[in-house]
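Trainee: Quick one, start05.pdb (PDB, C-alpha atoms, pLDDT in the B column):
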```pdb
ATOM      1  CA  MET Y  14     236.385  51.164 110.261  1.00 59.00           C
ATOM      2  CA  LYS Y  15     239.152  52.282 112.617  1.00 66.00           C
ATOM      3  CA  LYS Y  16     239.553  55.530 110.635  1.00 65.00           C
ATOM      4  CA  GLN Y  17     235.801  56.184 110.823  1.00 59.00           C
ATOM      5  CA  ILE Y  18     235.766  55.735 114.620  1.00 62.00           C
ATOM      6  CA  THR Y  19     238.807  57.990 114.980  1.00 60.00           C
ATOM      7  CA  LEU Y  20     237.171  60.633 112.776  1.00 54.00           C
ATOM      8  CA  LEU Y  21     233.927  60.402 114.762  1.00 50.00           C
ATOM      9  CA  CYS Y  22     235.804  60.799 118.062  1.00 49.00           C
ATOM     10  CA  MET Y  23     237.663  63.827 116.728  1.00 55.00           C
ATOM     11  CA  MET Y  24     234.410  65.420 115.558  1.00 51.00           C
ATOM     12  CA  LEU Y  25     232.808  64.862 118.975  1.00 47.00           C
ATOM     13  CA  MET Y  26     235.816  66.388 120.744  1.00 53.00           C
ATOM     14  CA  MET Y  27     235.724  69.437 118.460  1.00 50.00           C
ATOM     15  CA  ALA Y  28     231.986  69.840 119.007  1.00 47.00           C
ATOM     16  CA  GLY Y  29     232.554  69.616 122.768  1.00 49.00           C
ATOM     17  CA  ALA Y  30     235.252  72.274 122.589  1.00 45.00           C
ATOM     18  CA  VAL Y  31     232.960  74.625 120.658  1.00 45.00           C
ATOM     19  CA  ILE Y  32     230.090  74.040 123.082  1.00 47.00           C
ATOM     20  CA  GLY Y  33     232.465  74.636 125.996  1.00 47.00           C
ATOM     21  CA  GLN Y  34     233.592  77.919 124.449  1.00 52.00           C
ATOM     22  CA  ASP Y  35     230.002  79.085 124.036  1.00 65.00           C
ATOM     23  CA  THR Y  36     229.240  78.105 127.628  1.00 73.00           C
ATOM     24  CA  SER Y  37     232.196  79.996 129.098  1.00 80.00           C
ATOM     25  CA  LYS Y  38     231.438  82.990 126.871  1.00 87.00           C
ATOM     26  CA  THR Y  39     227.869  83.111 128.209  1.00 90.00           C
ATOM     27  CA  ALA Y  40     229.078  82.808 131.807  1.00 93.00           C
ATOM     28  CA  ARG Y  41     231.661  85.583 131.273  1.00 94.00           C
ATOM     29  CA  GLU Y  42     228.974  87.861 129.840  1.00 94.00           C
ATOM     30  CA  LYS Y  43     226.791  87.329 132.926  1.00 95.00           C
ATOM     31  CA  MET Y  44     229.761  87.816 135.263  1.00 96.00           C
ATOM     32  CA  LYS Y  45     230.608  91.171 133.610  1.00 95.00           C
ATOM     33  CA  LYS Y  46     227.606  92.591 135.456  1.00 94.00           C
ATOM     34  CA  LEU Y  47     229.658  92.230 138.654  1.00 97.00           C
ATOM     35  CA  ASN Y  48     232.692  94.048 137.258  1.00 96.00           C
ATOM     36  CA  LEU Y  49     232.178  97.165 139.418  1.00 96.00           C
ATOM     37  CA  MET Y  50     232.746  95.040 142.519  1.00 98.00           C
ATOM     38  CA  ALA Y  51     236.288  94.007 141.577  1.00 98.00           C
ATOM     39  CA  GLY Y  52     239.030  95.878 143.418  1.00 98.00           C
ATOM     40  CA  ARG Y  53     239.871  96.957 146.947  1.00 98.00           C
ATOM     41  CA  TRP Y  54     237.304  98.645 149.147  1.00 98.00           C
ATOM     42  CA  LYS Y  55     237.506 100.135 152.641  1.00 98.00           C
ATOM     43  CA  GLY Y  56     235.053 101.722 155.042  1.00 98.00           C
ATOM     44  CA  GLU Y  57     232.919 101.014 158.082  1.00 97.00           C
ATOM     45  CA  ALA Y  58     230.458  98.285 158.984  1.00 96.00           C
ATOM     46  CA  THR Y  59     227.997  98.198 161.856  1.00 95.00           C
ATOM     47  CA  VAL Y  60     226.414  95.027 163.201  1.00 92.00           C
ATOM     48  CA  SER Y  61     223.492  95.247 165.635  1.00 91.00           C
ATOM     49  CA  GLN Y  62     223.257  92.584 168.288  1.00 78.00           C
ATOM     50  CA  ARG Y  63     220.180  91.419 170.140  1.00 77.00           C
ATOM     51  CA  GLY Y  64     220.070  93.322 173.390  1.00 77.00           C
ATOM     52  CA  GLY Y  65     223.595  94.705 172.952  1.00 78.00           C
ATOM     53  CA  ALA Y  66     225.359  97.758 171.661  1.00 85.00           C
ATOM     54  CA  PRO Y  67     226.099  97.860 167.940  1.00 89.00           C
ATOM     55  CA  ILE Y  68     229.559  96.686 166.927  1.00 89.00           C
ATOM     56  CA  LYS Y  69     231.482  98.964 164.566  1.00 92.00           C
ATOM     57  CA  VAL Y  70     234.442  97.724 162.555  1.00 95.00           C
ATOM     58  CA  THR Y  71     236.761  99.058 159.904  1.00 97.00           C
ATOM     59  CA  GLN Y  72     235.932  96.840 156.959  1.00 97.00           C
ATOM     60  CA  GLU Y  73     238.090  95.977 153.967  1.00 97.00           C
ATOM     61  CA  GLU Y  74     236.989  93.978 150.939  1.00 98.00           C
ATOM     62  CA  ASN Y  75     239.452  92.582 148.428  1.00 98.00           C
ATOM     63  CA  ILE Y  76     237.570  91.350 145.371  1.00 98.00           C
ATOM     64  CA  LYS Y  77     239.352  89.575 142.518  1.00 98.00           C
ATOM     65  CA  TRP Y  78     238.592  87.861 139.238  1.00 98.00           C
ATOM     66  CA  GLU Y  79     239.764  84.263 138.893  1.00 97.00           C
ATOM     67  CA  LEU Y  80     239.628  81.615 136.150  1.00 95.00           C
ATOM     68  CA  ASP Y  81     239.682  84.123 133.304  1.00 93.00           C
ATOM     69  CA  SER Y  82     236.734  86.110 134.738  1.00 95.00           C
ATOM     70  CA  LEU Y  83     234.487  83.103 135.391  1.00 96.00           C
ATOM     71  CA  VAL Y  84     234.718  83.375 139.196  1.00 97.00           C
ATOM     72  CA  LEU Y  85     234.718  86.427 141.453  1.00 98.00           C
ATOM     73  CA  THR Y  86     236.286  85.992 144.900  1.00 98.00           C
ATOM     74  CA  PHE Y  87     235.556  88.197 147.901  1.00 98.00           C
ATOM     75  CA  GLU Y  88     237.731  88.420 150.998  1.00 98.00           C
ATOM     76  CA  GLY Y  89     236.346  90.627 153.741  1.00 97.00           C
ATOM     77  CA  THR Y  90     238.174  91.577 156.914  1.00 97.00           C
ATOM     78  CA  GLY Y  91     236.675  93.587 159.768  1.00 96.00           C
ATOM     79  CA  ARG Y  92     238.982  95.038 162.425  1.00 96.00           C
ATOM     80  CA  LYS Y  93     238.006  96.553 165.732  1.00 89.00           C
ATOM     81  CA  GLN Y  94     238.145 100.333 165.508  1.00 88.00           C
ATOM     82  CA  ASP Y  95     239.656 100.686 168.974  1.00 87.00           C
ATOM     83  CA  ASP Y  96     242.336  98.044 168.228  1.00 88.00           C
ATOM     84  CA  PRO Y  97     243.054  97.581 164.492  1.00 88.00           C
ATOM     85  CA  THR Y  98     245.376  94.644 165.230  1.00 91.00           C
ATOM     86  CA  LYS Y  99     242.357  92.533 166.231  1.00 92.00           C
ATOM     87  CA  VAL Y 100     240.320  90.904 163.481  1.00 94.00           C
ATOM     88  CA  SER Y 101     236.683  90.559 164.529  1.00 91.00           C
ATOM     89  CA  PHE Y 102     235.350  89.379 161.180  1.00 92.00           C
ATOM     90  CA  HIS Y 103     236.982  87.467 158.330  1.00 96.00           C
ATOM     91  CA  ALA Y 104     235.121  85.875 155.440  1.00 97.00           C
ATOM     92  CA  PHE Y 105     235.802  84.502 151.995  1.00 98.00           C
ATOM     93  CA  ALA Y 106     233.200  84.032 149.266  1.00 98.00           C
ATOM     94  CA  ILE Y 107     233.031  82.803 145.698  1.00 98.00           C
ATOM     95  CA  VAL Y 108     230.452  83.875 143.099  1.00 98.00           C
ATOM     96  CA  ASN Y 109     230.008  82.312 139.676  1.00 97.00           C
ATOM     97  CA  PHE Y 110     227.295  82.027 137.044  1.00 97.00           C
ATOM     98  CA  ASN Y 111     225.888  78.518 136.670  1.00 95.00           C
ATOM     99  CA  ILE Y 112     225.097  77.854 133.012  1.00 93.00           C
ATOM    100  CA  THR Y 113     222.872  74.870 133.837  1.00 93.00           C
ATOM    101  CA  THR Y 114     220.546  76.730 136.226  1.00 94.00           C
ATOM    102  CA  GLN Y 115     221.037  80.165 134.589  1.00 94.00           C
ATOM    103  CA  GLU Y 116     221.610  81.643 138.052  1.00 96.00           C
ATOM    104  CA  TYR Y 117     224.483  83.025 140.054  1.00 97.00           C
ATOM    105  CA  ASN Y 118     225.847  80.799 142.817  1.00 96.00           C
ATOM    106  CA  MET Y 119     227.526  82.016 145.993  1.00 98.00           C
ATOM    107  CA  ARG Y 120     229.393  80.078 148.625  1.00 98.00           C
ATOM    108  CA  SER Y 121     230.804  81.851 151.670  1.00 97.00           C
ATOM    109  CA  PHE Y 122     233.106  80.796 154.490  1.00 97.00           C
ATOM    110  CA  LEU Y 123     233.564  82.479 157.887  1.00 96.00           C
ATOM    111  CA  MET Y 124     236.559  82.457 160.219  1.00 95.00           C
ATOM    112  CA  ASP Y 125     234.555  80.503 162.813  1.00 95.00           C
ATOM    113  CA  GLY Y 126     234.142  77.578 160.408  1.00 96.00           C
ATOM    114  CA  LYS Y 127     230.593  78.344 159.266  1.00 94.00           C
ATOM    115  CA  GLN Y 128     229.760  78.282 155.584  1.00 95.00           C
ATOM    116  CA  THR Y 129     226.739  78.970 153.446  1.00 95.00           C
ATOM    117  CA  ASP Y 130     225.463  78.235 150.000  1.00 96.00           C
ATOM    118  CA  ALA Y 131     223.615  81.407 149.120  1.00 97.00           C
ATOM    119  CA  TYR Y 132     221.632  82.799 146.268  1.00 97.00           C
ATOM    120  CA  PHE Y 133     223.028  85.866 144.538  1.00 98.00           C
ATOM    121  CA  LYS Y 134     221.027  87.856 142.032  1.00 96.00           C
ATOM    122  CA  GLU Y 135     220.944  91.098 140.137  1.00 96.00           C
ATOM    123  CA  VAL Y 136     217.869  93.115 141.169  1.00 97.00           C
ATOM    124  CA  GLY Y 137     218.557  96.335 139.245  1.00 96.00           C
ATOM    125  CA  GLU Y 138     221.364  98.269 137.667  1.00 95.00           C
ATOM    126  CA  ASN Y 139     224.313  98.053 140.087  1.00 96.00           C
ATOM    127  CA  LYS Y 140     222.010  96.447 142.680  1.00 97.00           C
ATOM    128  CA  PHE Y 141     222.335  92.899 143.960  1.00 98.00           C
ATOM    129  CA  ASP Y 142     220.739  90.757 146.658  1.00 98.00           C
ATOM    130  CA  TRP Y 143     222.215  87.713 148.293  1.00 97.00           C
ATOM    131  CA  GLY Y 144     220.966  85.602 151.119  1.00 97.00           C
ATOM    132  CA  PHE Y 145     220.380  82.255 152.719  1.00 96.00           C
ATOM    133  CA  ASP Y 146     218.238  80.387 155.201  1.00 94.00           C
ATOM    134  CA  VAL Y 147     219.387  79.960 158.801  1.00 92.00           C
ATOM    135  CA  PRO Y 148     217.832  77.935 161.599  1.00 92.00           C
ATOM    136  CA  GLY Y 149     214.810  79.979 162.633  1.00 92.00           C
ATOM    137  CA  GLY Y 150     214.745  82.395 159.722  1.00 95.00           C
ATOM    138  CA  LYS Y 151     216.181  84.016 156.653  1.00 96.00           C
ATOM    139  CA  VAL Y 152     219.043  86.450 156.065  1.00 96.00           C
ATOM    140  CA  ILE Y 153     219.164  88.815 153.092  1.00 97.00           C
ATOM    141  CA  TYR Y 154     221.719  91.430 152.087  1.00 98.00           C
ATOM    142  CA  HIS Y 155     221.067  94.289 149.646  1.00 98.00           C
ATOM    143  CA  ILE Y 156     224.082  95.725 147.792  1.00 98.00           C
ATOM    144  CA  THR Y 157     223.954  99.067 145.979  1.00 98.00           C
ATOM    145  CA  LEU Y 158     226.998 100.214 144.024  1.00 98.00           C
ATOM    146  CA  ASP Y 159     227.587 103.836 143.006  1.00 98.00           C
ATOM    147  CA  PRO Y 160     230.045 103.742 140.073  1.00 97.00           C
ATOM    148  CA  VAL Y 161     230.374 107.537 139.838  1.00 97.00           C
ATOM    149  CA  ASN Y 162     231.371 108.095 143.481  1.00 98.00           C
ATOM    150  CA  LYS Y 163     232.949 104.618 143.833  1.00 98.00           C
ATOM    151  CA  LYS Y 164     230.817 103.706 146.844  1.00 98.00           C
ATOM    152  CA  TRP Y 165     229.363 100.430 148.080  1.00 98.00           C
ATOM    153  CA  ASN Y 166     226.412 100.278 150.464  1.00 98.00           C
ATOM    154  CA  GLU Y 167     225.241  96.942 151.831  1.00 98.00           C
ATOM    155  CA  LYS Y 168     222.392  96.383 154.273  1.00 98.00           C
ATOM    156  CA  GLY Y 169     221.520  93.119 155.964  1.00 97.00           C
ATOM    157  CA  GLU Y 170     218.155  92.032 157.313  1.00 97.00           C
ATOM    158  CA  PHE Y 171     216.914  89.038 159.291  1.00 95.00           C
ATOM    159  CA  SER Y 172     213.431  87.549 159.181  1.00 96.00           C
ATOM    160  CA  PRO Y 173     212.147  84.865 161.532  1.00 94.00           C
ATOM    161  CA  ASP Y 174     209.128  84.212 159.299  1.00 91.00           C
ATOM    162  CA  GLY Y 175     210.103  85.298 155.767  1.00 88.00           C
ATOM    163  CA  THR Y 176     207.700  88.247 155.790  1.00 91.00           C
ATOM    164  CA  GLN Y 177     208.779  90.683 158.508  1.00 95.00           C
ATOM    165  CA  PHE Y 178     212.454  91.725 158.162  1.00 95.00           C
ATOM    166  CA  TYR Y 179     214.617  93.465 160.765  1.00 94.00           C
ATOM    167  CA  PRO Y 180     217.812  95.369 159.891  1.00 95.00           C
ATOM    168  CA  PHE Y 181     220.979  94.187 161.647  1.00 94.00           C
ATOM    169  CA  PHE Y 182     223.890  95.163 159.391  1.00 96.00           C
ATOM    170  CA  GLU Y 183     225.112  98.088 157.325  1.00 97.00           C
ATOM    171  CA  MET Y 184     228.378  98.552 155.475  1.00 98.00           C
ATOM    172  CA  ASN Y 185     229.586 101.650 153.620  1.00 98.00           C
ATOM    173  CA  LEU Y 186     232.776 101.324 151.595  1.00 98.00           C
ATOM    174  CA  ASN Y 187     234.839 103.459 149.243  1.00 98.00           C
ATOM    175  CA  LYS Y 188     236.837 101.996 146.386  1.00 98.00           C
ATOM    176  CA  LEU Y 189     240.587 102.475 146.851  1.00 97.00           C
TER     177      LEU Y 189
END
```
Could you render the structure as structure tokens?
Mentor:
Amino acid sequence: MKKQITLLCMMLMMAGAVIGQDTSKTAREKMKKLNLMAGRWKGEATVSQRGGAPIKVTQEENIKWELDSLVLTFEGTGRKQDDPTKVSFHAFAIVNFNITTQEYNMRSFLMDGKQTDAYFKEVGENKFDWGFDVPGGKVIYHITLDPVNKKWNEKGEFSPDGTQFYPFFEMNLNKL
């Protein structure tokens, strides 16, 4: 009896290991679609403010694979163009593919302590949207990657009602 229980436990562990391998393989395949993002990027970002002049920063993105290509991390730093020693924007984000929901997940953190759980989805070849709800509206970002010229364009929009969107952000980066 003891041998039968031991054998059953071993079979269950082996089955779990095989299922786990299939799961991580599926997640890695989905994450490969984000491969163009990995690397170092640099360029300019412009943020429009309500009733104020647009803010322009020199933006850098450092994007790395973690956990054997199951997680992609993003670290973005914006520095004032007139004083590059001053950081005006600093964020960190994590994207992974959730096998259970069959969707990408994104969690981002800002230097002021704010954080978001966002959706992240592929909307075309080398095109991605991500966004989240905020008090009083919705925020959505559209990313377009150009693999030939190694360029990244990202535009952000805000909507108070979910139907009418207003642009407030644009970022243009070159891969280093």
Trainee: Using all atoms listed in the file, what residues lie at most 6 Å away from (229.5, 96.2, 158.1) (file coordinates), given as JSON, numbers by chain?
Mentor: {"Y": [57, 58, 59, 182, 183, 184]}
Trainee: Go ahead and write the selection's residues with C-alpha atoms as a PDB file, in the frame of the given file.
Mentor:
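Result went into part.pdb, see below:
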```
ATOM      1  CA  GLU Y  57     232.919 101.014 158.082  1.00 97.00           C
ATOM      2  CA  ALA Y  58     230.458  98.285 158.984  1.00 96.00           C
ATOM      3  CA  THR Y  59     227.997  98.198 161.856  1.00 95.00           C
ATOM      4  CA  PHE Y 182     223.890  95.163 159.391  1.00 96.00           C
ATOM      5  CA  GLU Y 183     225.112  98.088 157.325  1.00 97.00           C
ATOM      6  CA  MET Y 184     228.378  98.552 155.475  1.00 98.00           C
TER       7      MET Y 184
END
```
Trainee: To one decimal in Å, tell me the separation between CA of Ala104 in chain Y and CA of Gly91 in chain Y.
Mentor: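 So the answer is 9.0 Å.
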Trainee: Using all atoms listed in the file, which residue out of Y:Ser37, Y:Thr71, Y:Ser61, Y:Asn48 lies closest to Tyr179 in chain Y?
Mentor: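 Counting all atoms listed in the file, the residue closest to Tyr179 in chain Y is Y:Ser61.
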Trainee: Out of Y:Lys127, Y:Lys43, Y:Arg53, Y:Arg63, which residue has the shortest atom-to-atom distance to Pro180 in chain Y when counting all atoms listed in the file?
Mentor: Y:Arg63
Trainee: So, with all atoms listed in the file as the atoms that count, which of Y:Leu80, Y:Met124, Y:Met119, Y:Val60 lies closest to Gly144 in chain Y?
Mentor: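 Ranking Y:Leu80, Y:Met124, Y:Met119, Y:Val60 by distance to Gly144 in chain Y, first place goes to Y:Met119.
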Trainee: Return the single residue from Y:Val70, Y:Leu189, Y:Leu47, Y:Ala40 that is closest to Pro97 in chain Y, with distances computed using all atoms listed in the file.
Mentor: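 Closest to Pro97 in chain Y, using all atoms listed in the file: Y:Val70.
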Trainee: Work out how far apart CA of Ile68 in chain Y and CA of Ile153 in chain Y are and give it in Å to one decimal.
Mentor: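 Separation of CA of Ile68 in chain Y and CA of Ile153 in chain Y: 19.0 Å.
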Trainee: Neighbourhood query: residues within 12 Å of (240.4, 89.9, 164.0), file coordinates, counting all atoms listed in the file; return as number ranges by chain.
Mentor: Y: 70-73, 89-104, 123-125
Trainee: As lines of an AutoDock Vina configuration file, please: the centre and edge lengths in Å, to one decimal, of an axis-aligned box enclosing every listed atom of range 169-178 of chain Y with 4 Å added on each side.
Mentor:
```
center_x = 214.6
center_y = 88.7
center_z = 158.6
size_x = 21.8
size_y = 16.9
size_z = 13.8
```
Trainee: Can you work out which one of Y:Thr36, Y:Lys45, Y:Pro67, Y:Thr176 has the shortest atom-to-atom distance to Thr113 in chain Y, counting only C-alpha atoms?
Mentor: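 Once distances to Thr113 in chain Y are computed over only C-alpha atoms, the minimum belongs to Y:Thr36.
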Trainee: Could you check which of Y:Lys163, Y:Lys46, Y:Lys151, Y:Lys38 is closest to Glu138 in chain Y, using only C-alpha atoms?
Mentor: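 Closest to Glu138 in chain Y, using only C-alpha atoms: Y:Lys46.
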Trainee: Please measure the separation of CA of Asn118 in chain Y and CA of Glu79 in chain Y, giving the value in Å to one decimal.
Mentor: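 Pair CA of Asn118 in chain Y / CA of Glu79 in chain Y returns 14.9 Å.
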Trainee: Assuming the input is short of atoms at range 128-153 of chain Y, produce N, CA, C and O atoms for that part as a PDB file, in the frame of the given file.
Mentor:
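Contents of rebuild.pdb, freshly written:
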```pdb
ATOM      1  N   GLN Y 128     229.796  78.024 157.020  1.00 95.00           N
ATOM      2  CA  GLN Y 128     229.760  78.282 155.584  1.00 95.00           C
ATOM      3  C   GLN Y 128     228.316  78.261 155.111  1.00 95.00           C
ATOM      4  O   GLN Y 128     227.454  77.674 155.765  1.00 95.00           O
ATOM      5  N   THR Y 129     228.088  78.934 153.999  1.00 95.00           N
ATOM      6  CA  THR Y 129     226.739  78.970 153.446  1.00 95.00           C
ATOM      7  C   THR Y 129     226.792  78.802 151.935  1.00 95.00           C
ATOM      8  O   THR Y 129     227.748  79.204 151.280  1.00 95.00           O
ATOM      9  N   ASP Y 130     225.747  78.207 151.422  1.00 96.00           N
ATOM     10  CA  ASP Y 130     225.463  78.235 150.000  1.00 96.00           C
ATOM     11  C   ASP Y 130     224.319  79.230 149.871  1.00 96.00           C
ATOM     12  O   ASP Y 130     223.240  79.012 150.431  1.00 96.00           O
ATOM     13  N   ALA Y 131     224.583  80.324 149.179  1.00 97.00           N
ATOM     14  CA  ALA Y 131     223.615  81.407 149.120  1.00 97.00           C
ATOM     15  C   ALA Y 131     223.162  81.656 147.689  1.00 97.00           C
ATOM     16  O   ALA Y 131     223.839  81.285 146.742  1.00 97.00           O
ATOM     17  N   TYR Y 132     222.022  82.314 147.589  1.00 97.00           N
ATOM     18  CA  TYR Y 132     221.632  82.799 146.268  1.00 97.00           C
ATOM     19  C   TYR Y 132     222.279  84.171 146.092  1.00 97.00           C
ATOM     20  O   TYR Y 132     222.643  84.855 147.055  1.00 97.00           O
ATOM     21  N   PHE Y 133     222.463  84.563 144.874  1.00 98.00           N
ATOM     22  CA  PHE Y 133     223.028  85.866 144.538  1.00 98.00           C
ATOM     23  C   PHE Y 133     222.344  86.282 143.250  1.00 98.00           C
ATOM     24  O   PHE Y 133     222.327  85.533 142.288  1.00 98.00           O
ATOM     25  N   LYS Y 134     221.721  87.459 143.248  1.00 96.00           N
ATOM     26  CA  LYS Y 134     221.027  87.856 142.032  1.00 96.00           C
ATOM     27  C   LYS Y 134     221.080  89.356 141.813  1.00 96.00           C
ATOM     28  O   LYS Y 134     221.156  90.140 142.755  1.00 96.00           O
ATOM     29  N   GLU Y 135     221.020  89.702 140.542  1.00 96.00           N
ATOM     30  CA  GLU Y 135     220.944  91.098 140.137  1.00 96.00           C
ATOM     31  C   GLU Y 135     219.484  91.524 140.272  1.00 96.00           C
ATOM     32  O   GLU Y 135     218.584  90.836 139.787  1.00 96.00           O
ATOM     33  N   VAL Y 136     219.241  92.648 140.967  1.00 97.00           N
ATOM     34  CA  VAL Y 136     217.869  93.115 141.169  1.00 97.00           C
ATOM     35  C   VAL Y 136     217.627  94.484 140.531  1.00 97.00           C
ATOM     36  O   VAL Y 136     216.535  95.025 140.619  1.00 97.00           O
ATOM     37  N   GLY Y 137     218.647  95.035 139.910  1.00 96.00           N
ATOM     38  CA  GLY Y 137     218.557  96.335 139.245  1.00 96.00           C
ATOM     39  C   GLY Y 137     219.946  96.710 138.780  1.00 96.00           C
ATOM     40  O   GLY Y 137     220.916  95.978 139.030  1.00 96.00           O
ATOM     41  N   GLU Y 138     220.048  97.851 138.120  1.00 95.00           N
ATOM     42  CA  GLU Y 138     221.364  98.269 137.667  1.00 95.00           C
ATOM     43  C   GLU Y 138     222.243  98.602 138.869  1.00 95.00           C
ATOM     44  O   GLU Y 138     221.887  99.447 139.698  1.00 95.00           O
ATOM     45  N   ASN Y 139     223.364  97.902 138.975  1.00 96.00           N
ATOM     46  CA  ASN Y 139     224.313  98.053 140.087  1.00 96.00           C
ATOM     47  C   ASN Y 139     223.676  97.744 141.441  1.00 96.00           C
ATOM     48  O   ASN Y 139     224.107  98.265 142.469  1.00 96.00           O
ATOM     49  N   LYS Y 140     222.671  96.871 141.438  1.00 97.00           N
ATOM     50  CA  LYS Y 140     222.010  96.447 142.680  1.00 97.00           C
ATOM     51  C   LYS Y 140     221.921  94.931 142.683  1.00 97.00           C
ATOM     52  O   LYS Y 140     221.512  94.318 141.693  1.00 97.00           O
ATOM     53  N   PHE Y 141     222.297  94.351 143.826  1.00 98.00           N
ATOM     54  CA  PHE Y 141     222.335  92.899 143.960  1.00 98.00           C
ATOM     55  C   PHE Y 141     221.801  92.506 145.326  1.00 98.00           C
ATOM     56  O   PHE Y 141     221.976  93.235 146.300  1.00 98.00           O
ATOM     57  N   ASP Y 142     221.166  91.355 145.393  1.00 98.00           N
ATOM     58  CA  ASP Y 142     220.739  90.757 146.658  1.00 98.00           C
ATOM     59  C   ASP Y 142     221.416  89.408 146.788  1.00 98.00           C
ATOM     60  O   ASP Y 142     221.632  88.715 145.791  1.00 98.00           O
ATOM     61  N   TRP Y 143     221.753  89.071 148.013  1.00 97.00           N
ATOM     62  CA  TRP Y 143     222.215  87.713 148.293  1.00 97.00           C
ATOM     63  C   TRP Y 143     221.695  87.325 149.656  1.00 97.00           C
ATOM     64  O   TRP Y 143     221.422  88.178 150.495  1.00 97.00           O
ATOM     65  N   GLY Y 144     221.508  86.032 149.841  1.00 97.00           N
ATOM     66  CA  GLY Y 144     220.966  85.602 151.119  1.00 97.00           C
ATOM     67  C   GLY Y 144     220.898  84.100 151.243  1.00 97.00           C
ATOM     68  O   GLY Y 144     221.258  83.365 150.324  1.00 97.00           O
ATOM     69  N   PHE Y 145     220.411  83.677 152.406  1.00 96.00           N
ATOM     70  CA  PHE Y 145     220.380  82.255 152.719  1.00 96.00           C
ATOM     71  C   PHE Y 145     219.444  82.024 153.894  1.00 96.00           C
ATOM     72  O   PHE Y 145     219.089  82.959 154.626  1.00 96.00           O
ATOM     73  N   ASP Y 146     219.050  80.784 154.056  1.00 94.00           N
ATOM     74  CA  ASP Y 146     218.238  80.387 155.201  1.00 94.00           C
ATOM     75  C   ASP Y 146     219.147  80.024 156.370  1.00 94.00           C
ATOM     76  O   ASP Y 146     220.244  79.488 156.170  1.00 94.00           O
ATOM     77  N   VAL Y 147     218.695  80.347 157.567  1.00 92.00           N
ATOM     78  CA  VAL Y 147     219.387  79.960 158.801  1.00 92.00           C
ATOM     79  C   VAL Y 147     218.359  79.279 159.694  1.00 92.00           C
ATOM     80  O   VAL Y 147     217.155  79.450 159.484  1.00 92.00           O
ATOM     81  N   PRO Y 148     218.817  78.513 160.676  1.00 92.00           N
ATOM     82  CA  PRO Y 148     217.832  77.935 161.599  1.00 92.00           C
ATOM     83  C   PRO Y 148     216.993  79.049 162.238  1.00 92.00           C
ATOM     84  O   PRO Y 148     217.540  79.996 162.785  1.00 92.00           O
ATOM     85  N   GLY Y 149     215.699  78.975 162.054  1.00 92.00           N
ATOM     86  CA  GLY Y 149     214.810  79.979 162.633  1.00 92.00           C
ATOM     87  C   GLY Y 149     214.621  81.225 161.800  1.00 92.00           C
ATOM     88  O   GLY Y 149     214.135  82.230 162.313  1.00 92.00           O
ATOM     89  N   GLY Y 150     215.000  81.197 160.513  1.00 95.00           N
ATOM     90  CA  GLY Y 150     214.745  82.395 159.722  1.00 95.00           C
ATOM     91  C   GLY Y 150     215.513  82.486 158.422  1.00 95.00           C
ATOM     92  O   GLY Y 150     216.073  81.509 157.923  1.00 95.00           O
ATOM     93  N   LYS Y 151     215.519  83.708 157.913  1.00 96.00           N
ATOM     94  CA  LYS Y 151     216.181  84.016 156.653  1.00 96.00           C
ATOM     95  C   LYS Y 151     217.045  85.258 156.823  1.00 96.00           C
ATOM     96  O   LYS Y 151     216.698  86.168 157.568  1.00 96.00           O
ATOM     97  N   VAL Y 152     218.159  85.291 156.086  1.00 96.00           N
ATOM     98  CA  VAL Y 152     219.043  86.450 156.065  1.00 96.00           C
ATOM     99  C   VAL Y 152     219.141  86.927 154.623  1.00 96.00           C
ATOM    100  O   VAL Y 152     219.302  86.115 153.706  1.00 96.00           O
ATOM    101  N   ILE Y 153     219.028  88.243 154.429  1.00 97.00           N
ATOM    102  CA  ILE Y 153     219.164  88.815 153.092  1.00 97.00           C
ATOM    103  C   ILE Y 153     220.018  90.084 153.181  1.00 97.00           C
ATOM    104  O   ILE Y 153     219.912  90.838 154.149  1.00 97.00           O
TER     105      ILE Y 153
END
```
